[in-house]
$ cat query-v2.csv   # CSV, C-alpha atoms and all ligand atoms
chain,number,residue,atom,x,y,z
A,538,MET,CA,-74.7,-53.7,-52.1
A,539,SER,CA,-76.5,-55.6,-49.4
A,540,PRO,CA,-76.7,-53.9,-46.1
A,541,SER,CA,-74.5,-55.3,-43.4
A,542,ILE,CA,-74.2,-54.4,-39.8
A,543,GLN,CA,-71.8,-55.3,-37.1
A,544,SER,CA,-73.8,-56.5,-34.1
A,545,LYS,CA,-73.5,-54.3,-31.1
A,546,LEU,CA,-74.3,-57.3,-28.9
A,547,PRO,CA,-72.7,-60.1,-30.8
A,548,TYR,CA,-72.9,-62.7,-28.0
A,549,VAL,CA,-76.6,-62.1,-27.2
A,550,GLY,CA,-79.2,-64.5,-28.5
A,551,THR,CA,-82.9,-64.8,-27.7
A,552,THR,CA,-83.6,-64.3,-24.0
A,553,ILE,CA,-84.0,-67.6,-22.1
A,554,PHE,CA,-87.5,-66.6,-20.9
A,555,THR,CA,-88.8,-66.5,-24.5
A,556,VAL,CA,-86.9,-69.7,-25.4
A,557,MET,CA,-88.2,-71.7,-22.5
A,558,SER,CA,-91.8,-70.3,-22.8
A,559,ALA,CA,-91.8,-71.3,-26.5
A,560,LEU,CA,-90.5,-74.7,-25.7
A,561,ALA,CA,-93.2,-75.1,-23.0
A,562,THR,CA,-95.9,-74.2,-25.4
A,563,GLU,CA,-94.5,-76.5,-28.1
A,564,HIS,CA,-94.5,-79.5,-25.8
A,565,GLY,CA,-97.6,-78.6,-23.8
A,566,ALA,CA,-95.5,-78.4,-20.6
A,567,VAL,CA,-96.5,-76.7,-17.4
A,568,ASN,CA,-94.6,-73.4,-17.5
A,569,LEU,CA,-92.8,-72.8,-14.3
A,570,GLY,CA,-90.0,-71.0,-16.3
A,571,GLN,CA,-90.7,-67.4,-17.1
A,572,GLY,CA,-92.0,-65.4,-14.1
A,573,PHE,CA,-95.6,-64.6,-14.5
A,574,PRO,CA,-98.8,-65.5,-12.6
A,575,ASP,CA,-101.3,-67.9,-14.2
A,576,TYR,CA,-104.2,-66.8,-11.9
A,577,PRO,CA,-106.5,-63.8,-12.6
A,578,MET,CA,-105.6,-60.3,-11.5
A,579,SER,CA,-108.0,-58.0,-9.7
A,580,GLU,CA,-111.3,-57.5,-11.4
A,581,GLU,CA,-111.7,-54.3,-9.6
A,582,LEU,CA,-108.5,-52.9,-11.1
A,583,ILE,CA,-109.5,-54.1,-14.5
A,584,GLY,CA,-112.8,-52.2,-13.9
A,585,MET,CA,-111.0,-49.0,-12.9
A,586,VAL,CA,-108.9,-49.1,-16.1
A,587,THR,CA,-111.9,-49.8,-18.2
A,588,ASP,CA,-113.8,-46.9,-16.6
A,589,ALA,CA,-110.9,-44.6,-17.2
A,590,MET,CA,-111.0,-45.5,-21.0
A,591,LYS,CA,-114.7,-45.0,-21.1
A,592,ASN,CA,-114.4,-41.7,-19.3
A,593,GLY,CA,-112.1,-40.3,-21.9
A,594,PHE,CA,-108.6,-40.8,-20.4
A,595,ASN,CA,-107.2,-41.9,-23.8
A,596,GLN,CA,-104.7,-39.2,-24.7
A,597,TYR,CA,-101.1,-38.5,-23.8
A,598,VAL,CA,-100.3,-37.7,-20.2
A,599,PRO,CA,-97.2,-35.6,-19.3
A,600,MET,CA,-94.0,-37.4,-20.1
A,601,GLN,CA,-93.2,-37.9,-16.4
A,602,GLY,CA,-96.4,-39.8,-16.0
A,603,LEU,CA,-99.9,-38.9,-14.6
A,604,SER,CA,-99.4,-36.5,-11.7
A,605,ILE,CA,-102.1,-38.1,-9.5
A,606,LEU,CA,-100.3,-41.5,-9.8
A,607,ARG,CA,-96.9,-40.0,-8.9
A,608,GLU,CA,-98.6,-38.3,-5.9
A,609,VAL,CA,-100.1,-41.5,-4.7
A,610,LEU,CA,-96.7,-43.3,-5.1
A,611,ALA,CA,-94.9,-40.5,-3.1
A,612,GLU,CA,-97.4,-41.0,-0.3
A,613,LYS,CA,-96.9,-44.8,-0.4
A,614,VAL,CA,-93.1,-44.3,-0.2
A,615,GLN,CA,-93.5,-42.0,2.8
A,616,ASN,CA,-95.8,-44.5,4.6
A,617,LEU,CA,-93.7,-47.5,3.9
A,618,TYR,CA,-90.1,-46.2,4.0
A,619,GLY,CA,-90.4,-42.9,5.9
A,620,THR,CA,-88.8,-40.9,3.1
A,621,VAL,CA,-90.3,-37.9,1.4
A,622,VAL,CA,-89.9,-38.0,-2.3
A,623,ASN,CA,-91.1,-35.2,-4.6
A,624,PRO,CA,-93.6,-36.5,-7.1
A,625,GLY,CA,-92.8,-33.6,-9.4
A,626,SER,CA,-89.0,-34.1,-9.7
A,627,ASP,CA,-88.2,-37.6,-8.3
A,628,ILE,CA,-90.7,-40.1,-9.9
A,629,THR,CA,-91.2,-41.1,-13.5
A,630,ILE,CA,-93.7,-43.7,-14.8
A,631,THR,CA,-92.1,-46.1,-17.3
A,632,PRO,CA,-93.2,-48.9,-19.6
A,633,GLY,CA,-92.0,-51.5,-17.1
A,634,GLY,CA,-89.1,-52.1,-14.7
A,635,THR,CA,-86.7,-53.4,-17.4
A,636,TYR,CA,-87.1,-50.1,-19.4
A,637,ALA,CA,-86.5,-48.1,-16.2
A,638,ILE,CA,-83.2,-49.9,-15.6
A,639,TYR,CA,-82.1,-49.5,-19.2
A,640,THR,CA,-83.0,-45.8,-19.2
A,641,ALA,CA,-81.2,-45.2,-15.9
A,642,LEU,CA,-78.0,-46.9,-17.3
A,643,THR,CA,-78.3,-44.9,-20.6
A,644,ALA,CA,-78.7,-41.6,-18.7
A,645,VAL,CA,-75.4,-41.9,-16.8
A,646,LEU,CA,-73.0,-44.5,-18.3
A,647,ARG,CA,-70.2,-43.5,-20.7
A,648,PRO,CA,-67.8,-45.7,-22.7
A,649,GLY,CA,-65.2,-47.1,-20.4
A,650,ASP,CA,-67.2,-46.9,-17.2
A,651,GLU,CA,-67.4,-50.0,-15.1
A,652,VAL,CA,-70.5,-51.3,-13.4
A,653,ILE,CA,-70.5,-53.9,-10.6
A,654,VAL,CA,-73.1,-56.6,-11.4
A,655,PHE,CA,-73.8,-59.4,-9.0
A,656,GLU,CA,-74.3,-62.8,-10.7
A,657,PRO,CA,-76.6,-64.6,-11.1
A,658,ALA,CA,-78.3,-61.6,-12.6
A,659,TYR,CA,-81.5,-60.8,-14.4
A,660,ASP,CA,-80.5,-61.2,-18.1
A,661,SER,CA,-81.2,-57.7,-19.2
A,662,TYR,CA,-78.5,-56.1,-16.9
A,663,ILE,CA,-75.2,-56.8,-18.7
A,664,PRO,CA,-76.5,-56.2,-22.2
A,665,SER,CA,-78.0,-52.9,-21.0
A,666,VAL,CA,-74.6,-51.9,-19.5
A,667,GLU,CA,-72.6,-52.9,-22.6
A,668,ILE,CA,-74.9,-51.3,-25.2
A,669,ASN,CA,-73.9,-48.1,-23.5
A,670,GLY,CA,-70.2,-48.8,-24.0
A,671,ALA,CA,-69.6,-49.5,-20.3
A,672,ARG,CA,-68.1,-52.7,-18.9
A,673,ALA,CA,-69.8,-55.1,-16.5
A,674,VAL,CA,-67.6,-56.2,-13.6
A,675,GLN,CA,-69.1,-59.4,-12.3
A,676,VAL,CA,-69.1,-60.4,-8.6
A,677,ASP,CA,-70.5,-63.9,-8.0
A,678,LEU,CA,-73.0,-64.2,-5.2
A,679,GLU,CA,-71.9,-67.0,-2.8
A,680,ASN,CA,-73.7,-70.3,-2.8
A,681,PRO,CA,-75.9,-71.6,-1.2
A,682,GLU,CA,-77.1,-68.3,0.4
A,683,TYR,CA,-76.2,-66.1,-2.6
A,684,LYS,CA,-74.9,-63.4,-0.2
A,685,ILE,CA,-72.8,-60.5,-1.3
A,686,ASN,CA,-69.1,-60.8,-0.5
A,687,TRP,CA,-68.3,-57.2,0.2
A,688,ASP,CA,-64.6,-57.8,0.4
A,689,LEU,CA,-64.7,-59.0,-3.2
A,690,VAL,CA,-66.7,-55.9,-4.1
A,691,ARG,CA,-64.0,-53.7,-2.6
A,692,GLU,CA,-61.4,-55.6,-4.6
A,693,LYS,CA,-63.2,-54.9,-7.8
A,694,ILE,CA,-63.8,-51.2,-7.3
A,695,THR,CA,-61.5,-49.0,-9.5
A,696,PRO,CA,-61.5,-45.3,-10.4
A,697,LYS,CA,-63.6,-46.3,-13.4
A,698,THR,CA,-66.4,-47.8,-11.2
A,699,ARG,CA,-69.5,-45.7,-12.0
A,700,MET,CA,-72.3,-47.8,-10.6
A,701,ILE,CA,-73.3,-50.8,-8.4
A,702,MET,CA,-76.4,-52.7,-9.5
A,703,LEU,CA,-78.5,-54.3,-6.7
A,704,ASN,CA,-81.6,-56.5,-6.9
A,705,SER,CA,-83.5,-57.3,-3.7
A,706,PRO,CA,-85.5,-59.5,-3.4
A,707,ASN,CA,-83.4,-61.2,-5.9
A,708,ASN,CA,-84.2,-62.8,-9.2
A,709,PRO,CA,-83.3,-65.7,-9.5
A,710,THR,CA,-82.0,-66.5,-6.0
A,711,GLY,CA,-84.7,-65.2,-3.7
A,712,ALA,CA,-82.0,-63.7,-1.5
A,713,VAL,CA,-82.7,-60.4,0.2
A,714,LEU,CA,-80.4,-57.6,1.4
A,715,SER,CA,-79.7,-57.4,5.2
A,716,ALA,CA,-79.0,-54.4,7.4
A,717,ASP,CA,-75.3,-55.4,7.3
A,718,ASP,CA,-75.4,-55.3,3.5
A,719,ILE,CA,-76.7,-51.7,3.6
A,720,GLN,CA,-73.9,-50.7,6.0
A,721,GLN,CA,-71.3,-52.3,3.7
A,722,LEU,CA,-72.8,-50.6,0.7
A,723,ARG,CA,-72.6,-47.3,2.5
A,724,SER,CA,-69.0,-47.8,3.4
A,725,VAL,CA,-68.2,-48.8,-0.2
A,726,VAL,CA,-69.8,-45.8,-1.9
A,727,ARG,CA,-69.0,-43.1,0.8
A,728,ASP,CA,-66.6,-40.5,-0.5
A,729,SER,CA,-66.9,-41.9,-4.0
A,730,PRO,CA,-68.9,-40.8,-7.1
A,731,ILE,CA,-70.4,-44.3,-7.4
A,732,LEU,CA,-74.1,-44.5,-8.3
A,733,ILE,CA,-76.5,-47.2,-7.3
A,734,LEU,CA,-79.2,-48.9,-9.4
A,735,SER,CA,-81.5,-50.7,-7.1
A,736,ASP,CA,-84.0,-53.1,-8.8
A,737,GLU,CA,-86.8,-53.5,-6.3
A,738,VAL,CA,-89.5,-54.9,-8.6
A,739,TYR,CA,-90.2,-57.7,-6.0
A,740,GLU,CA,-90.4,-55.2,-3.1
A,741,HIS,CA,-93.6,-56.7,-1.7
A,742,LEU,CA,-92.8,-60.3,-2.5
A,743,ILE,CA,-90.8,-60.9,0.7
A,744,PHE,CA,-91.4,-63.6,3.2
A,745,ASP,CA,-90.9,-64.8,6.8
A,746,ASN,CA,-91.5,-61.3,8.2
A,747,ILE,CA,-88.2,-60.0,6.8
A,748,PRO,CA,-88.4,-56.2,6.2
A,749,HIS,CA,-87.7,-55.0,2.7
A,750,LEU,CA,-84.6,-52.8,3.0
A,751,SER,CA,-85.5,-50.4,0.2
A,752,ILE,CA,-82.8,-47.9,-0.7
A,753,LEU,CA,-85.6,-45.5,-0.3
A,754,ARG,CA,-85.2,-45.8,3.4
A,755,TYR,CA,-81.7,-44.2,3.3
A,756,PRO,CA,-81.7,-40.6,2.0
A,757,ASP,CA,-77.8,-40.6,1.9
A,758,LEU,CA,-78.0,-43.6,-0.6
A,759,LEU,CA,-81.2,-42.4,-2.4
A,760,GLU,CA,-79.3,-39.2,-3.5
A,761,ARG,CA,-77.0,-41.4,-5.7
A,762,SER,CA,-79.6,-44.0,-6.7
A,763,PHE,CA,-82.1,-45.0,-9.3
A,764,ILE,CA,-84.7,-47.3,-7.8
A,765,CYS,CA,-86.8,-49.3,-10.2
A,766,PHE,CA,-90.3,-50.8,-9.7
A,767,SER,CA,-92.8,-52.8,-11.7
A,768,PHE,CA,-96.6,-52.7,-11.4
A,769,GLY,CA,-96.7,-56.0,-13.3
A,770,LYS,CA,-95.2,-57.8,-10.3
A,771,VAL,CA,-97.3,-56.1,-7.7
A,772,TYR,CA,-100.7,-56.4,-9.4
A,773,HIS,CA,-100.3,-59.8,-11.2
A,774,CYS,CA,-100.3,-58.2,-14.6
A,775,THR,CA,-96.9,-58.6,-16.1
A,776,GLY,CA,-98.3,-58.0,-19.6
A,777,TRP,CA,-99.2,-54.5,-18.7
A,778,LYS,CA,-95.5,-53.5,-18.8
A,779,LEU,CA,-95.8,-50.5,-16.5
A,780,GLY,CA,-93.5,-49.5,-13.8
A,781,TYR,CA,-91.6,-46.5,-12.4
A,782,CYS,CA,-88.3,-45.1,-11.3
A,783,ILE,CA,-87.6,-43.0,-8.3
A,784,SER,CA,-84.4,-41.0,-8.0
A,785,SER,CA,-83.0,-37.7,-6.8
A,786,PRO,CA,-83.8,-34.6,-8.8
A,787,ASP,CA,-80.5,-34.2,-10.6
A,788,LEU,CA,-80.3,-37.8,-11.6
A,789,MET,CA,-84.0,-37.9,-12.6
A,790,LYS,CA,-83.5,-34.9,-14.8
A,791,GLU,CA,-81.0,-36.9,-16.9
A,792,PHE,CA,-83.3,-40.0,-16.8
A,793,ARG,CA,-86.1,-37.9,-18.3
A,794,LYS,CA,-83.9,-36.6,-21.1
A,795,ILE,CA,-83.6,-40.2,-22.3
A,796,HIS,CA,-87.2,-41.2,-21.5
A,797,GLN,CA,-88.9,-38.3,-23.3
A,798,PHE,CA,-87.4,-39.2,-26.6
A,799,ASN,CA,-87.7,-43.0,-26.3
A,800,CYS,CA,-91.2,-43.6,-24.9
A,801,PHE,CA,-92.4,-40.0,-24.1
A,802,SER,CA,-95.3,-41.1,-22.0
A,803,CYS,CA,-96.9,-44.4,-20.9
A,804,ASN,CA,-100.5,-45.4,-21.6
A,805,SER,CA,-103.0,-43.2,-19.8
A,806,PRO,CA,-106.0,-45.3,-18.7
A,807,PHE,CA,-103.8,-47.8,-16.8
A,808,GLN,CA,-102.2,-44.9,-14.9
A,809,VAL,CA,-105.6,-43.5,-14.0
A,810,GLY,CA,-106.8,-47.0,-12.8
A,811,LEU,CA,-103.6,-47.6,-10.8
A,812,SER,CA,-103.8,-44.2,-9.1
A,813,LYS,CA,-107.1,-45.3,-7.7
A,814,PHE,CA,-106.3,-48.9,-6.9
A,815,LEU,CA,-103.1,-47.9,-5.1
A,816,LEU,CA,-105.3,-46.3,-2.4
A,817,LYS,CA,-106.2,-49.9,-1.4
A,818,LYS,CA,-103.1,-50.5,0.6
A,819,ASP,CA,-104.1,-54.1,1.5
A,820,SER,CA,-103.7,-55.1,-2.1
A,821,TYR,CA,-99.9,-54.7,-1.8
A,822,LEU,CA,-99.4,-55.1,1.9
A,823,SER,CA,-101.0,-58.6,1.7
A,824,LEU,CA,-98.8,-59.7,-1.2
A,825,GLY,CA,-95.9,-61.1,0.9
A,826,SER,CA,-98.1,-63.5,2.8
A,827,PHE,CA,-100.1,-64.4,-0.3
A,828,MET,CA,-96.9,-65.4,-2.1
A,829,GLN,CA,-95.3,-67.0,0.9
A,830,GLU,CA,-98.2,-69.4,1.1
A,831,LYS,CA,-97.5,-70.4,-2.5
A,832,ARG,CA,-93.8,-70.8,-1.8
A,833,ASP,CA,-94.5,-73.0,1.2
A,834,TYR,CA,-97.1,-75.1,-0.7
A,835,PHE,CA,-94.7,-75.6,-3.6
A,836,GLN,CA,-91.9,-76.5,-1.3
A,837,GLN,CA,-94.0,-79.0,0.5
A,838,LEU,CA,-95.2,-80.6,-2.7
A,839,MET,CA,-91.6,-80.7,-4.0
A,840,GLN,CA,-90.6,-83.0,-1.1
A,841,GLN,CA,-92.0,-85.8,-3.2
A,842,THR,CA,-89.2,-85.2,-5.8
A,843,LYS,CA,-85.5,-85.7,-5.7
A,844,PHE,CA,-84.9,-81.9,-6.2
A,845,THR,CA,-83.0,-80.2,-3.4
A,846,PRO,CA,-84.4,-76.8,-2.4
A,847,ILE,CA,-82.3,-73.7,-1.9
A,848,PRO,CA,-84.0,-71.2,0.5
A,849,SER,CA,-86.0,-68.4,-1.1
A,850,HIS,CA,-86.8,-65.4,1.1
A,851,GLY,CA,-88.5,-63.3,-1.6
A,852,SER,CA,-89.5,-62.9,-5.3
A,853,TYR,CA,-91.6,-65.5,-6.9
A,854,PHE,CA,-88.9,-67.9,-7.6
A,855,GLN,CA,-87.3,-70.9,-5.9
A,856,LEU,CA,-84.0,-72.5,-6.9
A,857,TYR,CA,-83.6,-76.2,-6.9
A,858,ALA,CA,-80.4,-78.3,-7.2
A,859,TYR,CA,-80.8,-81.5,-9.2
A,860,HIS,CA,-77.6,-83.4,-8.4
A,861,ARG,CA,-79.6,-86.3,-7.2
A,862,LEU,CA,-81.3,-86.6,-10.6
A,863,SER,CA,-78.8,-85.9,-13.3
A,864,GLU,CA,-75.3,-84.8,-14.1
A,865,GLU,CA,-76.4,-83.0,-17.3
A,866,ALA,CA,-75.6,-79.4,-17.9
A,867,ASP,CA,-78.5,-77.3,-16.6
A,868,LYS,CA,-79.6,-76.1,-20.0
A,869,ASP,CA,-79.8,-79.7,-21.3
A,870,PHE,CA,-81.6,-80.8,-18.2
A,871,ALA,CA,-84.1,-78.0,-18.4
A,872,ILE,CA,-84.8,-78.7,-22.1
A,873,ARG,CA,-85.1,-82.4,-21.5
A,874,ILE,CA,-87.5,-82.2,-18.6
A,875,THR,CA,-89.7,-79.8,-20.6
A,876,LYS,CA,-89.8,-82.2,-23.5
A,877,GLU,CA,-89.9,-85.5,-21.7
A,878,TYR,CA,-91.7,-84.7,-18.4
A,879,GLY,CA,-93.7,-81.7,-19.4
A,880,VAL,CA,-92.4,-79.1,-16.9
A,881,ALA,CA,-90.4,-76.0,-17.9
A,882,GLY,CA,-88.0,-74.2,-15.6
A,883,ILE,CA,-85.1,-71.8,-16.2
A,884,PRO,CA,-81.5,-73.0,-16.1
A,885,VAL,CA,-79.6,-70.7,-13.8
A,886,SER,CA,-76.5,-70.7,-16.0
A,887,ALA,CA,-78.6,-68.2,-18.1
A,888,PHE,CA,-78.1,-65.7,-15.4
A,889,TYR,CA,-74.3,-65.8,-15.7
A,890,GLN,CA,-72.6,-64.2,-18.7
A,891,SER,CA,-70.0,-66.9,-18.5
A,892,GLY,CA,-72.7,-69.5,-18.5
A,893,LYS,CA,-71.5,-70.9,-15.1
A,894,ASP,CA,-73.4,-74.0,-14.5
A,895,GLN,CA,-74.0,-75.1,-10.9
A,896,LYS,CA,-76.6,-77.6,-11.8
A,897,VAL,CA,-79.4,-75.5,-10.4
A,898,ILE,CA,-82.8,-74.8,-12.0
A,899,ARG,CA,-85.3,-72.0,-11.2
A,900,PHE,CA,-89.0,-72.6,-10.8
A,901,CYS,CA,-91.7,-69.9,-10.6
A,902,PHE,CA,-94.3,-70.6,-7.9
A,903,ALA,CA,-96.6,-67.7,-8.7
A,904,LYS,CA,-99.2,-70.2,-10.0
A,905,LYS,CA,-102.6,-71.7,-9.2
A,906,LYS,CA,-102.4,-74.6,-6.7
A,907,GLU,CA,-103.6,-77.0,-9.5
A,908,THR,CA,-100.7,-75.8,-11.7
A,909,LEU,CA,-98.2,-76.5,-9.0
A,910,GLU,CA,-99.7,-79.9,-8.2
A,911,THR,CA,-99.7,-81.0,-11.9
A,912,ALA,CA,-96.1,-79.8,-12.2
A,913,VAL,CA,-94.9,-81.7,-9.1
A,914,VAL,CA,-96.7,-84.9,-10.1
A,915,ARG,CA,-94.7,-84.7,-13.3
A,916,LEU,CA,-91.4,-83.7,-11.6
A,917,SER,CA,-91.7,-86.6,-9.2
A,918,ARG,CA,-91.5,-89.1,-12.1
A,919,ILE,CA,-88.0,-88.0,-13.0
B,1,LIG,N1,-86.0,-56.8,-12.7
B,1,LIG,C1,-86.2,-58.1,-12.5
B,1,LIG,C2,-85.1,-58.8,-11.6
B,1,LIG,C3,-87.2,-58.8,-13.0
B,1,LIG,O1,-87.3,-60.1,-12.8
B,1,LIG,C4,-88.2,-58.2,-13.8
B,1,LIG,C5,-89.3,-58.9,-14.3
B,1,LIG,N2,-89.2,-59.1,-15.7
B,1,LIG,C6,-88.0,-56.8,-14.0
B,1,LIG,C7,-86.9,-56.2,-13.5
B,1,LIG,C8,-88.9,-55.9,-14.8
B,1,LIG,O2,-90.1,-56.3,-15.1
B,1,LIG,P1,-91.0,-55.5,-16.2
B,1,LIG,O3,-90.1,-54.9,-17.1
B,1,LIG,O4,-91.9,-56.6,-16.7
B,1,LIG,O5,-91.8,-54.5,-15.4
B,2,LIG,N1,-88.7,-61.3,-15.0
B,2,LIG,C1,-89.2,-62.5,-15.6
B,2,LIG,C2,-88.4,-63.7,-15.2
B,2,LIG,O1,-87.3,-63.6,-14.7
B,2,LIG,C3,-89.4,-62.5,-17.0
B,2,LIG,C4,-89.3,-61.2,-17.7
B,2,LIG,C5,-89.0,-61.4,-19.1
B,2,LIG,O2,-89.5,-62.3,-19.8
B,2,LIG,N2,-88.1,-60.6,-19.5
B,2,LIG,O3,-88.8,-64.8,-15.5

$ encode --input "query-v2.csv" --output "structure tokens"
Amino acid sequence: MSPSIQSKLPYVGTTIFTVMSALATEHGAVNLGQGFPDYPMSEELIGMVTDAMKNGFNQYVPMQGLSILREVLAEKVQNLYGTVVNPGSDITITPGGTYAIYTALTAVLRPGDEVIVFEPAYDSYIPSVEINGARAVQVDLENPEYKINWDLVREKITPKTRMIMLNSPNNPTGAVLSADDIQQLRSVVRDSPILILSDEVYEHLIFDNIPHLSILRYPDLLERSFICFSFGKVYHCTGWKLGYCISSPDLMKEFRKIHQFNCFSCNSPFQVGLSKFLLKKDSYLSLGSFMQEKRDYFQQLMQQTKFTPIPSHGSYFQLYAYHRLSEEADKDFAIRITKEYGVAGIPVSAFYQSGKDQKVIRFCFAKKKETLETAVVRLSRI
């Protein structure tokens, strides 16, 4: 008898990031689709990791992650957000931010639970909720600012609501949480058992002097939260797939039960290198202005085109409406401009489970100036 399985995620295909990157490669297009830098990362950090390997840091570290790295991270959190977290019980190093999110969801969700997910959403969120038997309850962010409508959130809360997922700075919209959002969040979760998953992988990629309102600033929220980070985003090395999760001791205990039997521990020399490089605070404190310059340069170049920008306050993405260029569905438009004009972007409908199409495309501006220039010359021909 031939083996047959019933898919646990029947509606899921290949992630749009892989699809568009493959199409870009096939057609020799400039890839402004998948989010990754095309400029070199720090030679110094590479040297620190290489030294760690040469110095014999090549065996397992404890499953929570290298203790010196967790200590440096706790110090960073205290300096930036004024909150004391315990590196022993509250921080776990993970193979990337996506894994941290998946692990947190798996640690706490049970069949029948509901999770509030704001859309557009990073494409791993809803499958990661549903693989755990829980149900995603979508709340659309409101165009053009992509702000949270908290009245709508209140309407969607039920006794089954187990978690609210947040992402600020947001992928793909570039929107960021405000002080009012935090107050609203507080009032929604107060006196309830609702947990929070806060995806803060773009914590340093925030522009225009806007402060990053990390959930880490608010001990009353932190006690019910998993907060997820990615070294790949901070140090321009997305391929390293290394990140971490911060939570309260009770939640982290459950997180580690899953993590220790899935990954056990992450690669050691990278953790040694990062624990040293993290002491160089400027490397992350300067990131906002570094990326803001790229956003501004890209925006200025894009004025030559008929794309209409939607403001981005953070992340390394900018959304553009293309109603002045075409009435095609966003997926068709994204595929056509990759093939015919040689520039890949991501259709924003891919960030909605329903495939809602608002004729908006996402471009990644974490690229060399020359890359952005070549892309815009091509986009201006459309
Ligand atoms: N969340 C969001 C919103 C992202 O865009 C990314 C980038 N892929 C991640 C989490 C996690 O990144 P990684 O798993 O590569 O560390
Ligand atoms: N986060 C990146 C993006 O949104 C890609 C990560 C991935 O390929 N899963 O483009």

$ residues_near_ligand --input "query-v2.csv" --ligand "ligand LIG 2 (chain B)" --cutoff "7 Å" --atoms "all atoms listed in the file" --output "list of chain:residue names"
A:Phe554, A:Thr555, A:Gly570, A:Gln571, A:Gly572, A:Phe573, A:Tyr659, A:Asn708, A:Pro709

$ residues_around --input "query-v2.csv" --residues "range 638-646 of chain A" --least-positions-apart "4" --cutoff "7 Å" --atoms "all atoms listed in the file" --output "ChimeraX atom specification"
/A:634,650,665-666,669,671,763,765,791-792,795-796

$ closest_atom_pairs --input "query-v2.csv" --of "chain A" --to "ligand LIG 1 (chain B)" --cutoff "9 Å" --atoms "all atoms listed in the file" --output "tab-separated table"
residue	atom	partner	partner_atom	distance
A:Gln571	CA	B:LIG1	N2	8.5
A:Gly572	CA	B:LIG1	C5	7.0
A:Phe573	CA	B:LIG1	C5	8.5
A:Thr631	CA	B:LIG1	O5	8.6
A:Pro632	CA	B:LIG1	O5	7.1
A:Gly633	CA	B:LIG1	O5	3.5
A:Gly634	CA	B:LIG1	O5	3.7
A:Thr635	CA	B:LIG1	O3	3.7
A:Tyr636	CA	B:LIG1	O3	6.1
A:Ala637	CA	B:LIG1	O3	7.7
A:Ile638	CA	B:LIG1	C7	7.6
A:Ala658	CA	B:LIG1	C2	7.4
A:Tyr659	CA	B:LIG1	C2	5.0
A:Asp660	CA	B:LIG1	C2	8.3
A:Ser661	CA	B:LIG1	N1	8.1
A:Tyr662	CA	B:LIG1	N1	8.6
A:Asn704	CA	B:LIG1	C2	6.3
A:Ser705	CA	B:LIG1	C2	8.2
A:Pro706	CA	B:LIG1	C2	8.2
A:Asn707	CA	B:LIG1	C2	6.4
A:Asn708	CA	B:LIG1	C2	4.8
A:Pro709	CA	B:LIG1	C2	7.4
A:Asp736	CA	B:LIG1	N1	5.7
A:Glu737	CA	B:LIG1	N1	7.2
A:Val738	CA	B:LIG1	C7	5.7
A:Tyr739	CA	B:LIG1	C1	7.6
A:Cys765	CA	B:LIG1	C7	7.6
A:Phe766	CA	B:LIG1	O5	7.0
A:Ser767	CA	B:LIG1	O5	4.2
A:Phe768	CA	B:LIG1	O5	6.5
A:Gly769	CA	B:LIG1	O5	5.5
A:Lys770	CA	B:LIG1	O5	7.0
A:Cys774	CA	B:LIG1	O4	8.8
A:Thr775	CA	B:LIG1	O4	5.4
A:Gly776	CA	B:LIG1	O4	7.2
A:Trp777	CA	B:LIG1	O4	7.9
A:Lys778	CA	B:LIG1	O5	5.1
A:Leu779	CA	B:LIG1	O5	5.8
A:Gly780	CA	B:LIG1	O5	5.5
A:Tyr781	CA	B:LIG1	O5	8.5
A:Ser852	CA	B:LIG1	O1	8.3

$ atom_distance --input "query-v2.csv" --atom1 "CA of Ser886 in chain A" --atom2 "CA of His749 in chain A"
26.9 Å

$ atom_distance --input "query-v2.csv" --atom1 "CA of Asn623 in chain A" --atom2 "CA of Gln797 in chain A"
19.1 Å

$ closest_residue --input "query-v2.csv" --among "A:Ile694, A:Pro577, A:Ser541, A:Ile605" --to "Phe814 in chain A" --atoms "all atoms listed in the file"
A:Ile605

$ closest_atom_pairs --input "query-v2.csv" --of "range 587-697 of chain A" --to "range 893-911 of chain A" --cutoff "10 Å" --atoms "all atoms listed in the file" --output "JSON lines"
{"residue": "A:Glu656", "atom": "CA", "partner": "A:Lys893", "partner_atom": "CA", "distance": 9.6}
{"residue": "A:Pro657", "atom": "CA", "partner": "A:Lys893", "partner_atom": "CA", "distance": 9.0}
{"residue": "A:Asn680", "atom": "CA", "partner": "A:Gln895", "partner_atom": "CA", "distance": 9.4}

$ closest_residue --input "query-v2.csv" --among "A:Met557, A:Phe888, A:Pro664, A:Leu916" --to "Leu678 in chain A" --atoms "only C-alpha atoms"
A:Phe888

$ closest_residue --input "query-v2.csv" --among "A:Arg761, A:Lys868, A:Ser802, A:Leu822" --to "Ser785 in chain A" --atoms "only C-alpha atoms"
A:Arg761

$ atom_distance --input "query-v2.csv" --atom1 "CA of Asn592 in chain A" --atom2 "CA of Gly810 in chain A"
11.3 Å

$ residues_around --input "query-v2.csv" --residues "Ser544 in chain A" --least-positions-apart "5" --cutoff "12 Å" --atoms "only C-alpha atoms" --output "number ranges by chain"
A: 549-550, 668

$ closest_residue --input "query-v2.csv" --among "A:Val614, A:Ile872, A:Leu569, A:Val913" --to "Ser751 in chain A" --atoms "all atoms listed in the file"
A:Val614

$ residues_around --input "query-v2.csv" --residues "range 720-731 of chain A" --least-positions-apart "2" --cutoff "10 Å" --atoms "all atoms listed in the file" --output "PyMOL selection string"
chain A and resi 652+685-688+690-691+694+696-701+715-718+733+755+757-758+761-762

$ closest_residue --input "query-v2.csv" --among "A:Gly711, A:Gly619, A:Pro806, A:Gly879" --to "Ser849 in chain A" --atoms "all atoms listed in the file"
A:Gly711
